[in-house]
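What follows is a set of notes on a single structure, which appears directly below.
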Amino acid sequence: MAGLLAILVGVLFGAGVYLLLRRSLIRLIFGLALISHAVNLLVFTTGGLVRGNPPLVPPEAQVPPAGHADPIPQALVLTAIVIGFGLLAFTCVLVKQVVKTLGTDDTDSMRANEE
Amino acid sequence: MSSVILRTATRLLLPLLLVFSAFILLRGHNEPGGGFIGGLLSAGALSAYALAWGPAEARRVLRVDPRTLLGAGLLCVCAAAFAGIAAGREVLTGLWAPFEVPGLGKVSTVLLFDLGVHLGVVGATLSILFNLGED
Amino acid sequence: MSLLPALPVLVPLSAAALSFAAWKRLAVQQAIGVAGTGGLLAAGVALLAKTAGGAVLVLPVGGWPARFGIALAADTLSAIMVLLAGLMGLAVAVYALADVDRPRKAFGFYPFLHLMLAGVAGSFVTADMFNMYVWFEVMLLGSFVLLALGGERDQMAGAMKYVTLNLIGSALFLSAAGVLYAVTKTLNMGEVSTRLALIAGHHPHLVLALGALFLTSFAIKAGLFPFTFWLPASYATPPVAVSAVFAGLLTKVGVYALLRTFTVVFPVMERNFRILLLLAGITMVLGVLGAVSRFEIRKILSFHIISQIGYMVAALGLSISPDPEIRRLALAGAVFYIAHHIVVKTNLFLVGGVIRRLTGSFDLKRTGGLAKSAPWLAVLFLIPALSLAGVPPLSGFWAKLMVIRAGLSAGEWLLVAAAIAAGLLTLISMVKIWNEAFWKPAPSPAPHPRPGRGTLLAMTAPIAVLALVTVLIGLWPQPLLDVAGRAADQLLDPAGWAKAVAGDLR
């Protein structure tokens with residue numbers, strides 16, 4: 001399972017990079033989204049794929065019972081999804097403004113200011 | 001968009017979803033739910049409204065500027081952080097009120113933090129979505 | 001327990017919250033802007049007073065012990081960085097009173113400045129690898145908005161590059177943090193440090209790959225070669241107040257992360273450090289060559305940021321030396337260099353802003369005559385400019401001296417040659433600004449309206465204060481040398497630092 005997911009992570013990264021290298025800003029957004037998904041999946045997979053119990057501490061106990069899943073990779077992924085969502089939403093606004101100001105979504109036409 | 005069905009549906013759904021979002025926020029303390037998903041529900045309800053009636057109308061229904069909501073949310077988070085210090089404990093330590101509020105259960109600074117997250121998510125999402133919808 | 005390590009985060013965050021709540025009231029936002037950044041400066045001073053003796057202040061957030069919660073930790077290096085962030089924040093907040101135009105201020109200059117400062121300060125005081133990622137993102141979000149404020153053509157194109165490159169950097173950082181957790185089962189930097197030392201014995205390649213991931217992501221933030229070109233493309237476009245705070249702080253957060261990670265968190269990486277020297281040397285020369293060929297003040301200064309990053313990373317790279325004296329000198333040099341550079345670079349951008357206000361342009365071809373019409377500005381320009389080039393007795397001289405001495409003792413002749421060449425070229429490009437903006441006669445009978453007295457005062461006061469700091473560091477370097485040495489001692493003692501940060505939980 002981990003091997004399969006590793007391949008998927010690679011495919012997502014590859015597709016993301018391919019989209020980033022295209023000239024259209026819209027594809028760039030999709031590329032960034034794919035890369036952030038690839039990273040989330042990577043963190044999730046490397047954290048260990050086990051069928052465990054939820055890591056809940058029963059009343060009257062100090063530690064969760066043995067055989068629970070590690071909650072931290074999931075917490076990391078959850079946080080990263082939230083952050084990624086915020087940044088991607090901002091990027092959408094930015095791209096909208098760029099297209100409005102420059103009148104194009106072609107990244108090649110953005111080089112004009114670089115002397 | 002001027003579909004009558006969408007307009008009527010969003011008008012009816014808006015209060016329902018807002019109440020549901022409050023429910024999710026309160027439920028989130030010990031069960032699945034919480035400020036983030038609750039905030040997204042509220043923001044979703046309002047953005048559906050904006051889709052049907054236009055962002056200007058949605059802003060009117062919301063009454064306050066979404067960025068003010070964002071500020072209020074951050075303030076709640078900071079207050080929750082300082083509450084721990086005021087009680088002589090570490091920053092962000094959860095504190096529970098010794099009494100129960102009917103309908104809410106035990107109120108705590110954890111809930112205040114979650115409320116801050118809720119408001120922050122509504123504020124941030126809506127200011128971005130309204131910006132995308134307006135020209 | 002002490003609340004001090006949390007203040008650098010809580011103060012700007014509260015200021016951001018209040019400014020967001022006062023979205024429509026500009027006067028309130030401005031007052032909070034100055035008070036909030038002043039508060040951050042005060043927090044930095046208090047922190048430095050507590051840690052200058054070599055103590056590490058640790059704060060387990062929420063009362064959770066290190067393994068279960070996130071810990072904030074402030075050592076001498078963190079304290080220096082927070083203090084400088086506060087000083088730059090305050091300088092820019094005051095400068096912006098007069099320089100940032102009304103629509104931009106109304107669109108959230110101050111709230112997002114505070115948000116960015118919270119992210120910057122958070123990165124300095126956190127002792128948790130993932131938490132550092134979160135603060136990086138907070139900082140990025142603030143900087144994204146600041147960079148795009150106003151929405152002029154060049155700005156949009158620059159912002160697009162900045163956003164894309166930084167998002168890719170963040171993705172790499174997140175992957176690195178995730179894999180780090182998978183390998184060590186902890187994110188507390190102290191615990192990571194001790195566990196990596198054990199793991200490196202069995203899986204050296206795994207640790208190497210992790211180090212490479214962190215190196216790449218931080219190098220993107222710091223603008224290290226080969227990830228340099230987004231920097232001049234974006235830093236030269238927003239209003240000067242924004243460029244100034246970016247120039248002073250943002251790339252330095254990347255350098256700080258490199259410094260933190262590759263001294264105390266990855267104490268096992270040493271043998272692979274030579275790559276840092278190579279990258280640093282190329283960065284130095286490349287940056288300064290870019291600067292020499294440009295004629296726009298902000299572009300020139302942006303390229304110099306890159307070149308200076310090279311010196312700091314070179315100092316970090318020199319800390320592989322087996323000789324403990326050289327290691328200490330190199331790391332103290334890195335800290336000293338960062339402190340000097342933040343002050344000087346921010347100041348130069350602010351001076352650039354005044355030049356534009358007086359002559360109407362950032363383009364050196366269209367400026368001139370300022371030595372006669374504004375002799376006070378000439379003095380205020382020369383101090384940071386000569387300091388940047390390393391002319392004694394200003395702060396930059398000591399900074400360069402330490403790095404070059406460490407390089408000489410370590411026998412890295414090529415690096416030293418690159419550093420000296422870059423220093424000379426820096427002097428040339430500073431002299432170019434001097435000649436074109438100050439010395440040569442004004443190209444046309446100044447059609448530009450001179451700003452009012454109050455405006456000029458608000459813009460000049462921060463410049464004068466920062467120039468004073470540069471002169472003071474130059475004339476009395478000993479206090480800063482002592483503190484930098486203390487910071488270097490802490491960075492050279494991973495075991496002691498790790499023990500303090502991870503607590504007694506083992």
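For the structure tokens, the naming scheme is as follows: chains receive sequential letters (A, B, ...) according to their order of presentation, residues are indexed from 1 within each chain, and ligands are indexed from 1 in presentation order.
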
Counting only C-alpha atoms, which residues of chain C sit at most 9 Å from some atom of chain A, and what is each one's closest atom pair with its distance in Å to one decimal, listed by chain and rising residue number, as JSON lines?
```
{"residue": "C:Phe130", "atom": "CA", "partner": "A:Leu76", "partner_atom": "CA", "distance": 7.7}
{"residue": "C:Val134", "atom": "CA", "partner": "A:Ile83", "partner_atom": "CA", "distance": 7.9}
{"residue": "C:Glu137", "atom": "CA", "partner": "A:Ile83", "partner_atom": "CA", "distance": 7.3}
{"residue": "C:Val138", "atom": "CA", "partner": "A:Ile83", "partner_atom": "CA", "distance": 8.8}
{"residue": "C:Leu140", "atom": "CA", "partner": "A:Leu87", "partner_atom": "CA", "distance": 8.7}
{"residue": "C:Leu141", "atom": "CA", "partner": "A:Leu87", "partner_atom": "CA", "distance": 6.9}
{"residue": "C:Phe144", "atom": "CA", "partner": "A:Phe90", "partner_atom": "CA", "distance": 8.4}
{"residue": "C:Val145", "atom": "CA", "partner": "A:Phe90", "partner_atom": "CA", "distance": 8.5}
{"residue": "C:Ala148", "atom": "CA", "partner": "A:Leu94", "partner_atom": "CA", "distance": 7.7}
{"residue": "C:Gly151", "atom": "CA", "partner": "A:Gln97", "partner_atom": "CA", "distance": 7.4}
{"residue": "C:Glu152", "atom": "CA", "partner": "A:Thr101", "partner_atom": "CA", "distance": 7.4}
{"residue": "C:Arg153", "atom": "CA", "partner": "A:Thr101", "partner_atom": "CA", "distance": 6.2}
{"residue": "C:Asp154", "atom": "CA", "partner": "A:Asn113", "partner_atom": "CA", "distance": 6.2}
{"residue": "C:Met156", "atom": "CA", "partner": "A:Val98", "partner_atom": "CA", "distance": 5.5}
{"residue": "C:Ala157", "atom": "CA", "partner": "A:Met110", "partner_atom": "CA", "distance": 5.6}
{"residue": "C:Gly158", "atom": "CA", "partner": "A:Met110", "partner_atom": "CA", "distance": 8.5}
{"residue": "C:Ala159", "atom": "CA", "partner": "A:Leu94", "partner_atom": "CA", "distance": 8.2}
{"residue": "C:Met160", "atom": "CA", "partner": "A:Leu94", "partner_atom": "CA", "distance": 7.5}
{"residue": "C:Val163", "atom": "CA", "partner": "A:Thr91", "partner_atom": "CA", "distance": 7.5}
{"residue": "C:Thr164", "atom": "CA", "partner": "A:Leu32", "partner_atom": "CA", "distance": 7.8}
{"residue": "C:Leu167", "atom": "CA", "partner": "A:Leu32", "partner_atom": "CA", "distance": 7.5}
{"residue": "C:Ile168", "atom": "CA", "partner": "A:Leu32", "partner_atom": "CA", "distance": 7.5}
{"residue": "C:Ala171", "atom": "CA", "partner": "A:Ser36", "partner_atom": "CA", "distance": 6.2}
{"residue": "C:Leu172", "atom": "CA", "partner": "A:Val39", "partner_atom": "CA", "distance": 7.8}
{"residue": "C:Leu174", "atom": "CA", "partner": "A:Val39", "partner_atom": "CA", "distance": 7.0}
{"residue": "C:Ser175", "atom": "CA", "partner": "A:Val39", "partner_atom": "CA", "distance": 5.6}
{"residue": "C:Ala176", "atom": "CA", "partner": "A:Val43", "partner_atom": "CA", "distance": 8.7}
{"residue": "C:Ala177", "atom": "CA", "partner": "A:Val43", "partner_atom": "CA", "distance": 8.2}
{"residue": "C:Gly178", "atom": "CA", "partner": "A:Val43", "partner_atom": "CA", "distance": 4.7}
{"residue": "C:Val179", "atom": "CA", "partner": "A:Thr46", "partner_atom": "CA", "distance": 6.2}
{"residue": "C:Tyr181", "atom": "CA", "partner": "A:Gly47", "partner_atom": "CA", "distance": 7.2}
{"residue": "C:Ala182", "atom": "CA", "partner": "A:Gly47", "partner_atom": "CA", "distance": 4.9}
{"residue": "C:Val183", "atom": "CA", "partner": "A:Thr46", "partner_atom": "CA", "distance": 8.4}
{"residue": "C:Lys185", "atom": "CA", "partner": "A:Gly47", "partner_atom": "CA", "distance": 8.6}
{"residue": "C:Pro232", "atom": "CA", "partner": "A:Glu114", "partner_atom": "CA", "distance": 8.9}
{"residue": "C:Ala233", "atom": "CA", "partner": "A:Glu114", "partner_atom": "CA", "distance": 6.7}
{"residue": "C:Arg294", "atom": "CA", "partner": "A:Glu115", "partner_atom": "CA", "distance": 8.8}
```

Tell me as a PyMOL selection string which residues belonging to chain B come within 10 Å of chain A, counting only C-alpha atoms.
chain B and resi 36+121+124-125+128-129+131-133+135

Could you write out that same residue set with N, CA and C atoms as a CSV table (one decimal), in the first residue's frame?
```
chain,number,residue,atom,x,y,z
B,36,PHE,N,-13.2,25.3,12.7
B,36,PHE,CA,-12.8,25.4,11.3
B,36,PHE,C,-14.0,25.0,10.4
B,121,VAL,N,-12.1,32.1,10.2
B,121,VAL,CA,-12.4,31.3,8.9
B,121,VAL,C,-13.5,32.0,8.1
B,124,ALA,N,-12.0,35.4,6.8
B,124,ALA,CA,-11.0,35.3,5.7
B,124,ALA,C,-11.6,34.7,4.4
B,125,THR,N,-12.4,33.7,4.6
B,125,THR,CA,-13.0,33.0,3.4
B,125,THR,C,-13.9,34.0,2.6
B,128,ILE,N,-12.1,36.8,0.8
B,128,ILE,CA,-11.5,36.3,-0.5
B,128,ILE,C,-12.6,36.1,-1.5
B,129,LEU,N,-13.7,35.4,-1.1
B,129,LEU,CA,-14.7,35.0,-2.0
B,129,LEU,C,-15.5,36.2,-2.6
B,131,ASN,N,-14.2,39.1,-2.9
B,131,ASN,CA,-13.3,39.8,-3.8
B,131,ASN,C,-13.3,39.1,-5.1
B,132,LEU,N,-13.4,37.8,-5.1
B,132,LEU,CA,-13.4,37.0,-6.4
B,132,LEU,C,-14.7,37.3,-7.2
B,133,GLY,N,-15.8,37.5,-6.4
B,133,GLY,CA,-17.1,37.7,-7.1
B,133,GLY,C,-17.3,39.1,-7.6
B,135,ASP,N,-16.3,42.8,-9.3
B,135,ASP,CA,-15.4,43.3,-10.4
B,135,ASP,C,-15.2,44.8,-10.3
```

Given only C-alpha atoms, how would the per-residue table for chain B near chain C read, listing every residue at most 7 Å away with its closest atom pair and distance in Å to one decimal, sorted by chain and number, as a Markdown table?
```
| residue | atom | partner | partner_atom | distance |
| --- | --- | --- | --- | --- |
| B:Arg67 | CA | C:Phe20 | CA | 6.1 |
| B:Thr68 | CA | C:Ala21 | CA | 4.5 |
| B:Leu70 | CA | C:Phe20 | CA | 6.7 |
| B:Gly71 | CA | C:Phe20 | CA | 4.3 |
| B:Ala72 | CA | C:Ala21 | CA | 6.0 |
| B:Leu74 | CA | C:Ala17 | CA | 5.0 |
| B:Leu75 | CA | C:Ala17 | CA | 5.2 |
| B:Cys78 | CA | C:Ser14 | CA | 6.1 |
| B:Glu90 | CA | C:Gly63 | CA | 5.3 |
| B:Val91 | CA | C:Gly62 | CA | 5.5 |
| B:Leu92 | CA | C:Gly62 | CA | 4.6 |
| B:Thr93 | CA | C:Gly62 | CA | 3.8 |
| B:Gly94 | CA | C:Gly62 | CA | 6.8 |
```

Export, as a compact mmCIF listing (two decimals), in the first residue's frame, the selected residues with C-alpha atoms.
```txt
# COMPACT_ATOMS: atom_id res chain seq x y z
CA ARG B 67 -12.37 41.71 7.76
CA THR B 68 -13.85 42.96 11.01
CA LEU B 70 -11.38 38.26 10.95
CA GLY B 71 -10.11 40.78 13.52
CA ALA B 72 -12.70 39.69 16.06
CA LEU B 74 -7.99 36.88 16.05
CA LEU B 75 -8.93 38.85 19.16
CA CYS B 78 -5.41 36.21 21.62
CA GLU B 90 1.10 28.77 30.61
CA VAL B 91 0.07 30.60 27.47
CA LEU B 92 -3.01 29.01 25.84
CA THR B 93 -3.68 26.66 28.77
CA GLY B 94 -7.30 25.56 28.64
```

Please give the complete set of residues from region 6-112 of chain C that DSSP, run on the backbone, assigns to strand (DSSP E), formatted as number ranges by chain.
C: 57-60, 71-74

Going by DSSP on the backbone, which residues of region 31-105 of chain A come out as helix (DSSP H, G or I)? List them as a ChimeraX atom specification.
/A:31-46,71-102

Find the spatial neighbours of Val343 (chain C), counting only C-alpha atoms, within a cut-off of 7 Å - ignore same-chain residues fewer than 3 positions away - and output them as a PyMOL selection string.
chain C and resi 248+339-340+346-347+466

Could you take the residues named above and write them with C-alpha atoms, as a PDB file, in the first residue's frame?
```
ATOM      1  CA  GLY C 248      15.637  43.435   6.319  1.00  0.00           C
ATOM      2  CA  ALA C 339      22.457  41.826  12.880  1.00  0.00           C
ATOM      3  CA  HIS C 340      24.514  44.358  10.944  1.00  0.00           C
ATOM      4  CA  THR C 346      16.458  48.241   5.734  1.00  0.00           C
ATOM      5  CA  ASN C 347      17.989  51.657   6.134  1.00  0.00           C
ATOM      6  CA  LEU C 466      19.133  53.164  12.168  1.00  0.00           C
TER       7      LEU C 466
END
```

Excluding Gly34 (chain B) and its own-chain neighbours fewer than 3 positions away, which residues fall within 8 Å of it when counting only C-alpha atoms? Please give them as a PyMOL selection string.
chain B and resi 24-29+37-38+114+118

Quick check, in Å to one decimal: how far apart do CA of Gly31 (chain A) and CA of Tyr18 (chain A) lie?
7.3 Å

For Lys365 (chain C), work out the shell of residues within 10 Å, counting only C-alpha atoms and skipping chain neighbours fewer than 2 positions away, then give it as a ChimeraX atom specification.
/C:295-296,361-363,367-368,436-437,442-443

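Computed from the coordinates, the CA of Ala74 (chain C) to CA of Gly211 (chain C) distance equals 23.1 Å.
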
Might you pull out every residue within 12 Å of Ile5 (chain B), with only C-alpha atoms counted and same-chain residues fewer than 5 positions away left off, and present them as a PyMOL selection string?
chain B and resi 10-13+52-53

If you count only C-alpha atoms, which residues fall within 8 Å of Val501 (chain C), apart from same-chain ones fewer than 2 positions away, as a VMD selection string?
chain C and resid 56 58 66 71 73 127 188 to 191 497 to 499 503

In Å, with one decimal, what is the gap from CA of Gly88 (chain B) to CA of Leu47 (chain C)?
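Interatomic distance, CA of Gly88 (chain B) to CA of Leu47 (chain C): 19.6 Å.
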
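Among C:Leu414, C:Val313, C:Leu278, C:Leu90, the residue with the shortest atom-to-atom distance to Ala241 (chain C), counting only C-alpha atoms, is C:Leu90.
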